[in-house]
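What's in my_file.txt: compact mmCIF, C-alpha atoms
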```txt
# COMPACT_ATOMS: atom_id res chain seq x y z
CA MET J 103 16.93 17.76 2.52
CA VAL J 104 16.46 14.36 0.95
CA LYS J 105 19.62 12.75 -0.37
CA TRP J 106 19.57 10.45 -3.39
CA THR J 107 22.25 8.00 -4.46
CA GLU J 108 22.94 7.62 -8.18
CA GLU J 109 21.36 4.17 -8.00
CA GLU J 110 18.18 5.56 -6.45
CA ARG J 111 17.91 8.24 -9.13
CA CYS J 112 18.21 5.57 -11.83
CA ILE J 113 15.61 3.39 -10.17
CA ILE J 114 13.09 6.21 -9.84
CA ARG J 115 13.59 7.37 -13.43
CA GLY J 116 13.39 3.74 -14.54
CA VAL J 117 10.04 3.19 -12.82
CA TRP J 118 8.70 6.53 -14.01
CA GLY J 119 9.80 5.84 -17.57
CA LYS J 120 7.52 2.80 -17.63
CA VAL J 121 4.45 4.71 -16.44
CA ASP J 122 2.04 5.72 -19.19
CA ILE J 123 0.62 8.95 -17.72
CA ASP J 124 -2.56 8.72 -19.81
CA GLU J 125 -3.22 5.12 -18.84
CA VAL J 126 -2.38 5.29 -15.15
CA GLY J 127 -3.70 8.85 -14.74
CA ALA J 128 -7.14 7.93 -16.07
CA GLN J 129 -7.57 5.22 -13.41
CA LEU J 130 -5.83 6.85 -10.49
CA TRP J 131 -8.66 8.80 -8.91
CA ALA J 132 -11.12 5.98 -9.58
CA ARG J 133 -8.96 3.70 -7.47
CA ALA J 134 -8.59 6.30 -4.71
CA LEU J 135 -12.32 7.11 -4.55
CA ILE J 136 -13.40 3.48 -4.59
CA VAL J 137 -10.89 2.34 -1.98
CA TYR J 138 -11.14 5.46 0.24
CA PRO J 139 -14.68 6.75 -0.41
CA TRP J 140 -14.47 9.57 2.13
CA ILE J 141 -12.25 11.59 -0.20
CA GLU J 142 -15.33 12.06 -2.36
CA ARG J 143 -15.92 15.24 -0.37
CA TYR J 144 -13.34 17.10 -2.47
CA PHE J 145 -15.20 16.32 -5.68
CA GLY J 146 -18.56 18.03 -5.18
CA THR J 147 -18.19 19.87 -8.50
CA PHE J 148 -17.10 16.82 -10.50
CA GLY J 149 -20.57 15.54 -11.36
CA ASP J 150 -21.54 11.96 -10.67
CA THR J 151 -19.08 10.27 -8.32
CA PHE J 152 -21.64 8.24 -6.45
CA THR J 153 -21.34 4.78 -7.96
CA THR J 154 -18.40 2.66 -9.06
CA THR J 155 -19.52 2.88 -12.69
CA ALA J 156 -19.89 6.65 -12.52
CA ILE J 157 -16.47 7.01 -10.91
CA LEU J 158 -14.80 4.79 -13.51
CA ASN J 159 -16.34 6.80 -16.36
CA ASN J 160 -16.02 10.32 -14.97
CA PRO J 161 -13.99 12.40 -17.45
CA LYS J 162 -13.10 15.11 -14.90
CA LEU J 163 -11.53 12.50 -12.62
CA ALA J 164 -9.56 11.06 -15.52
CA ALA J 165 -8.31 14.52 -16.45
CA LEU J 166 -7.32 15.30 -12.86
CA GLY J 167 -5.41 12.02 -12.67
CA LYS J 168 -3.27 13.07 -15.60
CA ILE J 169 -2.67 16.48 -13.99
CA VAL J 170 -1.48 14.78 -10.79
CA LEU J 171 0.93 12.55 -12.71
CA ALA J 172 2.22 15.53 -14.71
CA ALA J 173 3.06 17.13 -11.35
CA LEU J 174 4.77 13.91 -10.27
CA ASP J 175 6.84 14.18 -13.45
CA THR J 176 8.02 17.59 -12.19
CA ALA J 177 9.08 15.93 -8.94
CA VAL J 178 11.04 13.25 -10.84
CA LYS J 179 12.82 16.03 -12.75
CA ASN J 180 13.53 17.99 -9.54
CA MET J 181 14.43 15.24 -7.09
CA ASP J 182 16.91 17.45 -5.26
CA ASN J 183 14.36 20.09 -4.46
CA VAL J 184 10.90 18.53 -4.46
CA LYS J 185 9.94 20.79 -1.55
CA GLY J 186 10.79 23.93 -3.49
CA ALA J 187 9.19 22.62 -6.67
CA PHE J 188 5.94 21.87 -4.82
CA ALA J 189 5.80 24.89 -2.49
CA SER J 190 3.04 26.77 -4.34
CA LEU J 191 1.15 23.52 -5.04
CA SER J 192 1.27 22.76 -1.32
CA ARG J 193 -0.01 26.23 -0.49
CA VAL J 194 -2.96 25.86 -2.91
CA HIS J 195 -3.90 22.48 -1.41
CA TYR J 196 -3.73 23.97 2.08
CA GLU J 197 -5.31 27.40 1.62
CA LYS J 198 -7.70 26.92 -1.26
CA ILE J 199 -8.63 23.25 -1.70
CA LYS J 200 -8.19 22.47 2.02
CA VAL J 201 -7.00 18.90 1.59
CA ASP J 202 -6.30 16.79 4.67
CA PRO J 203 -2.55 16.04 4.28
CA GLU J 204 -3.18 12.41 5.29
CA HIS J 205 -4.96 12.06 1.95
CA PHE J 206 -1.73 12.75 0.04
CA ARG J 207 -0.45 9.52 1.55
CA LEU J 208 -3.58 7.61 0.48
CA LEU J 209 -3.24 8.84 -3.10
CA ALA J 210 0.46 7.92 -3.05
CA GLU J 211 -0.52 4.37 -2.03
CA CYS J 212 -2.94 4.18 -4.93
CA ILE J 213 -0.22 5.38 -7.31
CA THR J 214 2.09 2.63 -6.03
CA ILE J 215 -0.60 -0.05 -6.37
CA SER J 216 -1.40 1.07 -9.95
CA ILE J 217 2.29 0.87 -10.79
CA ALA J 218 2.55 -2.56 -9.13
CA CYS J 219 -0.34 -3.79 -11.30
CA LYS J 220 1.49 -2.57 -14.40
CA LEU J 221 5.12 -3.40 -13.61
CA LYS J 222 4.44 -6.63 -11.65
CA ALA J 223 7.69 -8.46 -10.82
CA GLU J 224 9.73 -5.54 -12.10
CA LEU J 225 8.63 -3.67 -8.99
CA SER J 226 11.03 -5.73 -6.90
CA PRO J 227 11.36 -5.11 -3.14
CA GLN J 228 14.44 -2.96 -3.66
CA VAL J 229 12.79 -0.93 -6.42
CA LEU J 230 9.64 -0.57 -4.31
CA SER J 231 11.69 0.62 -1.37
CA THR J 232 13.29 3.39 -3.44
CA TRP J 233 10.01 4.33 -5.10
CA GLN J 234 8.29 4.65 -1.71
CA LYS J 235 11.16 6.84 -0.47
CA PHE J 236 10.51 9.10 -3.45
CA LEU J 237 6.76 9.23 -2.85
CA SER J 238 7.34 9.99 0.86
CA ALA J 239 9.44 12.97 -0.21
CA VAL J 240 6.63 14.09 -2.52
CA VAL J 241 3.98 13.68 0.23
CA GLU J 242 6.18 15.61 2.64
CA ALA J 243 6.68 18.39 0.07
CA MET J 244 2.92 18.58 -0.47
CA SER J 245 2.44 18.98 3.30
CA SER J 246 5.29 21.48 3.70
CA GLN J 247 3.21 24.67 3.51
CA TYR J 248 0.64 23.46 6.02
CA LYS J 249 0.76 25.20 9.37
CA MET L 6 -18.85 -6.60 14.25
CA VAL L 7 -17.65 -6.50 10.68
CA GLU L 8 -20.31 -7.06 8.03
CA TRP L 9 -19.48 -8.66 4.70
CA THR L 10 -21.60 -8.53 1.57
CA GLU L 11 -21.88 -11.64 -0.61
CA GLN L 12 -19.76 -9.89 -3.23
CA GLU L 13 -16.99 -9.11 -0.72
CA ARG L 14 -16.91 -12.73 0.48
CA ASN L 15 -16.62 -13.92 -3.10
CA ILE L 16 -13.81 -11.48 -3.86
CA ILE L 17 -11.79 -12.56 -0.82
CA THR L 18 -12.24 -16.30 -1.39
CA SER L 19 -11.50 -15.87 -5.09
CA ILE L 20 -8.26 -13.94 -4.47
CA PHE L 21 -7.02 -16.52 -1.96
CA SER L 22 -8.04 -19.56 -4.01
CA ASN L 23 -5.82 -18.34 -6.84
CA LEU L 24 -2.77 -17.86 -4.62
CA ASP L 25 0.21 -20.15 -4.26
CA TYR L 26 0.81 -19.70 -0.53
CA ASP L 27 4.38 -21.01 -0.83
CA ASP L 28 5.13 -18.23 -3.31
CA VAL L 29 3.13 -15.24 -2.13
CA GLY L 30 3.79 -15.66 1.61
CA PRO L 31 7.59 -15.59 1.39
CA LYS L 32 7.46 -12.78 -1.21
CA ALA L 33 5.36 -10.58 1.08
CA LEU L 34 7.55 -11.23 4.10
CA CYS L 35 10.79 -10.59 2.15
CA ARG L 36 9.36 -7.38 0.77
CA CYS L 37 8.48 -6.23 4.29
CA LEU L 38 11.98 -6.96 5.60
CA ILE L 39 13.62 -5.15 2.67
CA VAL L 40 11.30 -2.13 2.42
CA TYR L 41 10.91 -1.68 6.20
CA PRO L 42 14.29 -2.90 7.48
CA TRP L 43 13.51 -2.30 11.15
CA THR L 44 11.17 -5.30 11.00
CA GLN L 45 14.26 -7.49 10.65
CA ARG L 46 14.77 -7.21 14.39
CA TYR L 47 12.02 -9.76 14.99
CA PHE L 48 13.95 -12.33 12.98
CA ALA L 49 17.34 -12.21 14.69
CA SER L 50 17.34 -15.98 15.13
CA PHE L 51 16.64 -16.60 11.44
CA GLY L 52 20.25 -16.38 10.26
CA ASN L 53 21.62 -14.22 7.46
CA LEU L 54 19.42 -11.20 6.69
CA TYR L 55 22.20 -8.79 5.82
CA ASN L 56 21.16 -7.95 2.29
CA ALA L 57 18.21 -8.40 -0.06
CA ASP L 58 19.63 -11.56 -1.66
CA ALA L 59 20.26 -13.17 1.74
CA ILE L 60 16.71 -12.36 2.79
CA LYS L 61 15.21 -13.71 -0.43
CA THR L 62 17.08 -17.02 -0.16
CA ASN L 63 16.78 -17.49 3.61
CA PRO L 64 14.92 -20.80 4.19
CA ASN L 65 13.56 -19.68 7.59
CA ILE L 66 11.97 -16.64 5.93
CA GLN L 67 10.50 -18.95 3.26
CA THR L 68 8.94 -21.18 5.90
CA HIS L 69 7.67 -18.31 7.96
CA GLY L 70 6.17 -16.48 4.98
CA THR L 71 4.20 -19.60 4.06
CA ARG L 72 3.07 -19.94 7.68
CA VAL L 73 1.76 -16.36 7.68
CA LEU L 74 -0.32 -17.03 4.56
CA HIS L 75 -1.77 -20.20 6.09
CA GLY L 76 -2.63 -18.08 9.12
CA LEU L 77 -4.48 -15.67 6.82
CA ASP L 78 -6.27 -18.64 5.31
CA ARG L 79 -7.90 -19.20 8.71
CA ALA L 80 -9.25 -15.66 8.61
CA VAL L 81 -10.63 -16.28 5.10
CA LYS L 82 -12.44 -19.39 6.41
CA ASN L 83 -13.77 -17.51 9.47
CA MET L 84 -14.59 -14.10 8.07
CA ASP L 85 -17.46 -13.58 10.50
CA ASN L 86 -15.26 -14.00 13.53
CA ILE L 87 -11.73 -13.04 12.70
CA LYS L 88 -11.35 -11.45 16.13
CA GLY L 89 -12.17 -14.72 17.90
CA THR L 90 -10.12 -16.79 15.47
CA TYR L 91 -7.04 -14.63 16.08
CA ALA L 92 -7.38 -14.08 19.84
CA GLU L 93 -4.62 -16.54 20.74
CA LEU L 94 -2.40 -15.36 17.88
CA SER L 95 -2.79 -11.79 19.11
CA VAL L 96 -1.79 -12.78 22.64
CA LEU L 97 1.24 -14.61 21.22
CA HIS L 98 2.38 -11.60 19.17
CA SER L 99 1.91 -9.28 22.15
CA GLU L 100 3.21 -11.25 25.10
CA LYS L 101 5.78 -13.56 23.56
CA LEU L 102 6.96 -12.04 20.28
CA HIS L 103 6.56 -8.39 21.36
CA VAL L 104 5.68 -7.23 17.87
CA ASP L 105 4.80 -3.55 17.54
CA PRO L 106 1.21 -3.71 16.20
CA ASP L 107 2.00 -0.93 13.67
CA ASN L 108 4.10 -3.50 11.87
CA PHE L 109 1.08 -5.68 11.08
CA LYS L 110 -0.09 -2.90 8.75
CA LEU L 111 3.31 -2.81 7.03
CA LEU L 112 3.19 -6.53 6.26
CA ALA L 113 -0.41 -6.13 5.11
CA ASP L 114 0.67 -3.35 2.72
CA CYS L 115 3.46 -5.54 1.32
CA LEU L 116 1.01 -8.40 0.77
CA THR L 117 -1.30 -6.02 -1.11
CA ILE L 118 1.56 -4.99 -3.41
CA VAL L 119 2.47 -8.65 -4.07
CA ILE L 120 -1.15 -9.47 -4.93
CA ALA L 121 -1.40 -6.38 -7.16
CA ALA L 122 1.79 -7.37 -8.98
CA LYS L 123 0.45 -10.89 -9.43
CA MET L 124 -3.04 -9.96 -10.63
CA GLY L 125 -2.07 -6.93 -12.73
CA SER L 126 -5.09 -5.13 -14.13
CA GLY L 127 -7.25 -7.87 -12.59
CA PHE L 128 -6.66 -6.15 -9.24
CA THR L 129 -9.44 -3.67 -9.86
CA PRO L 130 -10.24 -0.79 -7.48
CA GLU L 131 -13.20 -2.77 -6.08
CA MET L 132 -11.00 -5.79 -5.41
CA GLN L 133 -8.40 -3.56 -3.79
CA ALA L 134 -11.04 -1.94 -1.58
CA THR L 135 -12.38 -5.33 -0.43
CA PHE L 136 -8.93 -6.83 0.06
CA GLN L 137 -7.78 -3.84 2.11
CA LYS L 138 -10.97 -4.03 4.20
CA PHE L 139 -10.21 -7.70 4.89
CA LEU L 140 -6.59 -6.95 5.83
CA ALA L 141 -7.69 -4.04 8.04
CA VAL L 142 -9.93 -6.45 9.98
CA VAL L 143 -7.04 -8.93 10.27
CA VAL L 144 -4.65 -6.22 11.48
CA SER L 145 -7.19 -4.99 14.01
CA ALA L 146 -7.83 -8.53 15.29
CA LEU L 147 -4.09 -9.15 15.71
CA GLY L 148 -3.71 -5.98 17.74
CA ARG L 149 -6.81 -6.67 19.83
CA GLN L 150 -5.23 -8.54 22.75
CA TYR L 151 -2.49 -5.99 23.30
CA HIS L 152 -2.56 -4.01 26.50
```

What is this structure when it is put down as structure tokens?
Amino acid sequence: MVKWTEEERCIIRGVWGKVDIDEVGAQLWARALIVYPWIERYFGTFGDTFTTTAILNNPKLAALGKIVLAALDTAVKNMDNVKGAFASLSRVHYEKIKVDPEHFRLLAECITISIACKLKAELSPQVLSTWQKFLSAVVEAMSSQYK
Amino acid sequence: MVEWTEQERNIITSIFSNLDYDDVGPKALCRCLIVYPWTQRYFASFGNLYNADAIKTNPNIQTHGTRVLHGLDRAVKNMDNIKGTYAELSVLHSEKLHVDPDNFKLLADCLTIVIAAKMGSGFTPEMQATFQKFLAVVVSALGRQYH
């Protein structure tokens, strides 16, 4: 089980408190799809995701981004049991959506880059280190129900 | 061989022309040493690296960070033959410095975060995609002479 110091908890809540879920969520999938275009294969039912402009203006992607960040909020509020909190979510991604678990890591990177763009120097090396530890725990929890 | 569009070339040269190498280089290297502490083992002769503050104020790290960015500058000026440009550097990192090539990607990731923090919302998804493509080519070229 992942252990968190009091300082790490404060850092993670501090970073998360500065994230506007609507703002970052709307751009999150656009960034992921543009930087890692192969993940387009999960979005066959999302309409036009074939050009940069279409991706940036796709309302379904924007909505999904906010859903992902709402789930991340659950992880922030359940840091001591992210695995338990995400068990059924992991199962859905494995059994139903069939997501390659490597792609959780790619999305996590995009989340970090979006936050870096927003927080700039506030995302110091030490803060980044703790934030990435948190996201690794989330990625691991999302992969936990995969066999 | 890697192909670059005119737009990608412009993005890369534009990002680098707006960088202060003396600032960004050391920041990226410090971030790498703090976030991925095992990389400190390559810098045993650099003096005090025992905590984040020591790393951030270490003059050898400053110098080396700047050197790394100037090395990247050579790749920017030789985008059509990064592999050839870096052949000797790759041999050096393999045979003399014994750097695990996985660690090139870690430094590349840290540099991306520093650039994102610097450019803020100017670091659009397209710029991120191009920048990461460039760094992937650099990382591959540096690992090329390993055997």

Would you give me, as a Markdown table, each residue of chain J having an atom within 6 Å of an atom of chain L, along with its shortest atom pair and that distance in Å to one decimal, using only C-alpha atoms and sorting by chain and residue number?
```
| residue | atom | partner | partner_atom | distance |
| --- | --- | --- | --- | --- |
| J:Arg133 | CA | L:Pro130 | CA | 4.7 |
| J:Val137 | CA | L:Ala134 | CA | 4.3 |
| J:Ala218 | CA | L:Ala122 | CA | 4.9 |
| J:Cys219 | CA | L:Gly125 | CA | 3.9 |
| J:Lys220 | CA | L:Gly125 | CA | 5.9 |
| J:Lys222 | CA | L:Ala122 | CA | 3.8 |
| J:Pro227 | CA | L:Arg36 | CA | 4.9 |
| J:Ser231 | CA | L:Val40 | CA | 4.7 |
```

Interface rows for stretch 54-140 of chain L against stretch 146-149 of chain L: nearest pair, Å to one decimal, 6 Å, only C-alpha atoms, as a tab-separated table:
```
residue	atom	partner	partner_atom	distance
L:Lys88	CA	L:Ala146	CA	4.6
L:Ser95	CA	L:Leu147	CA	4.5
L:Pro106	CA	L:Gly148	CA	5.6
```

Using all atoms listed in the file for the distances, tell me which of L:Trp43, L:Phe21, L:Tyr151, L:Trp9 is nearest to L:Leu102.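 The shortest atom-to-atom distance to L:Leu102 comes from L:Tyr151.
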
Please return as a list in words every residue within 12 Å of (12.1, 21.7, -6.3), taking into account all atoms listed in the file and the file's own coordinates.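 So the residues meeting the distance criterion are Met103, Val104, Ala173, Leu174, Asp175, Thr176, Ala177, Val178, Lys179, Asn180, Met181, Asp182, Asn183, Val184, Lys185, Gly186, Ala187, Phe188, Ala189, Ser190, Leu191, Ser192, Ala239, Val240, Ala243 and Met244 of chain J.
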
Since we have the selection now, will you write its residues out, keeping C-alpha atoms, as a short mmCIF file (atom, residue, chain, number, x, y, z; two decimals), keeping the file's coordinate frame?
```cif
data_model
loop_
_atom_site.label_atom_id
_atom_site.label_comp_id
_atom_site.auth_asym_id
_atom_site.auth_seq_id
_atom_site.Cartn_x
_atom_site.Cartn_y
_atom_site.Cartn_z
CA MET J 103 16.93 17.76 2.52
CA VAL J 104 16.46 14.36 0.95
CA ALA J 173 3.06 17.13 -11.35
CA LEU J 174 4.77 13.91 -10.27
CA ASP J 175 6.84 14.18 -13.45
CA THR J 176 8.02 17.59 -12.19
CA ALA J 177 9.08 15.93 -8.94
CA VAL J 178 11.04 13.25 -10.84
CA LYS J 179 12.82 16.03 -12.75
CA ASN J 180 13.53 17.99 -9.54
CA MET J 181 14.43 15.24 -7.09
CA ASP J 182 16.91 17.45 -5.26
CA ASN J 183 14.36 20.09 -4.46
CA VAL J 184 10.90 18.53 -4.46
CA LYS J 185 9.94 20.79 -1.55
CA GLY J 186 10.79 23.93 -3.49
CA ALA J 187 9.19 22.62 -6.67
CA PHE J 188 5.94 21.87 -4.82
CA ALA J 189 5.80 24.89 -2.49
CA SER J 190 3.04 26.77 -4.34
CA LEU J 191 1.15 23.52 -5.04
CA SER J 192 1.27 22.76 -1.32
CA ALA J 239 9.44 12.97 -0.21
CA VAL J 240 6.63 14.09 -2.52
CA ALA J 243 6.68 18.39 0.07
CA MET J 244 2.92 18.58 -0.47
#
```

Separation of atom CA of J:Leu221 from atom CA of J:Lys235, in Å and rounded to one decimal: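 One can read the atom CA of J:Leu221 to atom CA of J:Lys235 distance as 17.7 Å.
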
I'd like the contact shell of L:Met84 - 9 Å cut-off, all atoms listed in the file, skipping same-chain residues fewer than 4 positions apart - returned as JSON, numbers by chain. {"L": [7, 9, 14, 79, 80, 139]}

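Between atom CA of J:Trp106 and atom CA of L:Leu112 the separation is 25.5 Å.
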
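Closest approach to J:Ala134 among J:Ala223, J:Val229, J:Leu209, J:Leu237 is made by J:Leu209 (distances from all atoms listed in the file).
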
From the list J:Thr153, J:Ile213, J:Ile199, J:Thr107, which residue is nearest J:Ile123 when using all atoms listed in the file?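 When distances to J:Ile123 are compared using all atoms listed in the file, the smallest one comes from J:Ile213.
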
Nearest residue to J:Glu142 out of J:Lys198, J:Thr214, J:His205, J:Arg193, using only C-alpha atoms?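 Under the stated criterion, the closest residue is J:His205.
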
Close residues, L:Thr62 itself excluded, 12 Å, only C-alpha atoms, min 5 positions apart in chain, as number ranges by chain: L: 31-32, 34-35, 51-57, 67-68

Store the residues of this selection in a file with C-alpha atoms, as a CSV table (one decimal), in the coordinates of the input.
```csv
chain,number,residue,atom,x,y,z
L,31,PRO,CA,7.6,-15.6,1.4
L,32,LYS,CA,7.5,-12.8,-1.2
L,34,LEU,CA,7.6,-11.2,4.1
L,35,CYS,CA,10.8,-10.6,2.2
L,51,PHE,CA,16.6,-16.6,11.4
L,52,GLY,CA,20.2,-16.4,10.3
L,53,ASN,CA,21.6,-14.2,7.5
L,54,LEU,CA,19.4,-11.2,6.7
L,55,TYR,CA,22.2,-8.8,5.8
L,56,ASN,CA,21.2,-8.0,2.3
L,57,ALA,CA,18.2,-8.4,-0.1
L,67,GLN,CA,10.5,-19.0,3.3
L,68,THR,CA,8.9,-21.2,5.9
```

Please complete stretch 236-248 of chain J with N, CA, C and O atoms and give it back as a PDB file, keeping the file's coordinate frame.
```pdb
ATOM      1  N   PHE J 236      10.803   7.964  -2.589  1.00  0.00           N
ATOM      2  CA  PHE J 236      10.510   9.100  -3.450  1.00  0.00           C
ATOM      3  C   PHE J 236       9.119   9.660  -3.164  1.00  0.00           C
ATOM      4  O   PHE J 236       8.922  10.862  -2.974  1.00  0.00           O
ATOM      5  N   LEU J 237       8.132   8.761  -3.084  1.00  0.00           N
ATOM      6  CA  LEU J 237       6.760   9.230  -2.850  1.00  0.00           C
ATOM      7  C   LEU J 237       6.618   9.865  -1.460  1.00  0.00           C
ATOM      8  O   LEU J 237       5.847  10.800  -1.285  1.00  0.00           O
ATOM      9  N   SER J 238       7.369   9.348  -0.474  1.00  0.00           N
ATOM     10  CA  SER J 238       7.340   9.990   0.860  1.00  0.00           C
ATOM     11  C   SER J 238       7.845  11.411   0.765  1.00  0.00           C
ATOM     12  O   SER J 238       7.314  12.305   1.416  1.00  0.00           O
ATOM     13  N   ALA J 239       8.899  11.621  -0.037  1.00  0.00           N
ATOM     14  CA  ALA J 239       9.440  12.970  -0.210  1.00  0.00           C
ATOM     15  C   ALA J 239       8.400  13.871  -0.866  1.00  0.00           C
ATOM     16  O   ALA J 239       8.246  15.036  -0.502  1.00  0.00           O
ATOM     17  N   VAL J 240       7.667  13.310  -1.839  1.00  0.00           N
ATOM     18  CA  VAL J 240       6.630  14.090  -2.520  1.00  0.00           C
ATOM     19  C   VAL J 240       5.507  14.444  -1.537  1.00  0.00           C
ATOM     20  O   VAL J 240       5.054  15.585  -1.473  1.00  0.00           O
ATOM     21  N   VAL J 241       5.066  13.442  -0.752  1.00  0.00           N
ATOM     22  CA  VAL J 241       3.980  13.680   0.230  1.00  0.00           C
ATOM     23  C   VAL J 241       4.411  14.738   1.237  1.00  0.00           C
ATOM     24  O   VAL J 241       3.650  15.636   1.599  1.00  0.00           O
ATOM     25  N   GLU J 242       5.672  14.637   1.669  1.00  0.00           N
ATOM     26  CA  GLU J 242       6.180  15.610   2.640  1.00  0.00           C
ATOM     27  C   GLU J 242       6.211  17.010   2.029  1.00  0.00           C
ATOM     28  O   GLU J 242       5.851  17.992   2.671  1.00  0.00           O
ATOM     29  N   ALA J 243       6.637  17.093   0.756  1.00  0.00           N
ATOM     30  CA  ALA J 243       6.680  18.390   0.070  1.00  0.00           C
ATOM     31  C   ALA J 243       5.272  18.972  -0.061  1.00  0.00           C
ATOM     32  O   ALA J 243       5.067  20.179   0.113  1.00  0.00           O
ATOM     33  N   MET J 244       4.305  18.109  -0.343  1.00  0.00           N
ATOM     34  CA  MET J 244       2.920  18.580  -0.470  1.00  0.00           C
ATOM     35  C   MET J 244       2.379  19.077   0.860  1.00  0.00           C
ATOM     36  O   MET J 244       1.494  19.919   0.912  1.00  0.00           O
ATOM     37  N   SER J 245       2.902  18.544   1.966  1.00  0.00           N
ATOM     38  CA  SER J 245       2.440  18.980   3.300  1.00  0.00           C
ATOM     39  C   SER J 245       3.250  20.136   3.836  1.00  0.00           C
ATOM     40  O   SER J 245       2.927  20.677   4.893  1.00  0.00           O
ATOM     41  N   SER J 246       4.307  20.554   3.120  1.00  0.00           N
ATOM     42  CA  SER J 246       5.290  21.480   3.700  1.00  0.00           C
ATOM     43  C   SER J 246       4.745  22.864   4.008  1.00  0.00           C
ATOM     44  O   SER J 246       5.238  23.538   4.905  1.00  0.00           O
ATOM     45  N   GLN J 247       3.719  23.319   3.268  1.00  0.00           N
ATOM     46  CA  GLN J 247       3.210  24.670   3.510  1.00  0.00           C
ATOM     47  C   GLN J 247       2.038  24.684   4.477  1.00  0.00           C
ATOM     48  O   GLN J 247       1.422  25.725   4.699  1.00  0.00           O
ATOM     49  N   TYR J 248       1.724  23.523   5.045  1.00  0.00           N
ATOM     50  CA  TYR J 248       0.640  23.460   6.020  1.00  0.00           C
ATOM     51  C   TYR J 248       1.159  23.964   7.363  1.00  0.00           C
ATOM     52  O   TYR J 248       2.298  23.702   7.726  1.00  0.00           O
TER      53      TYR J 248
END
```
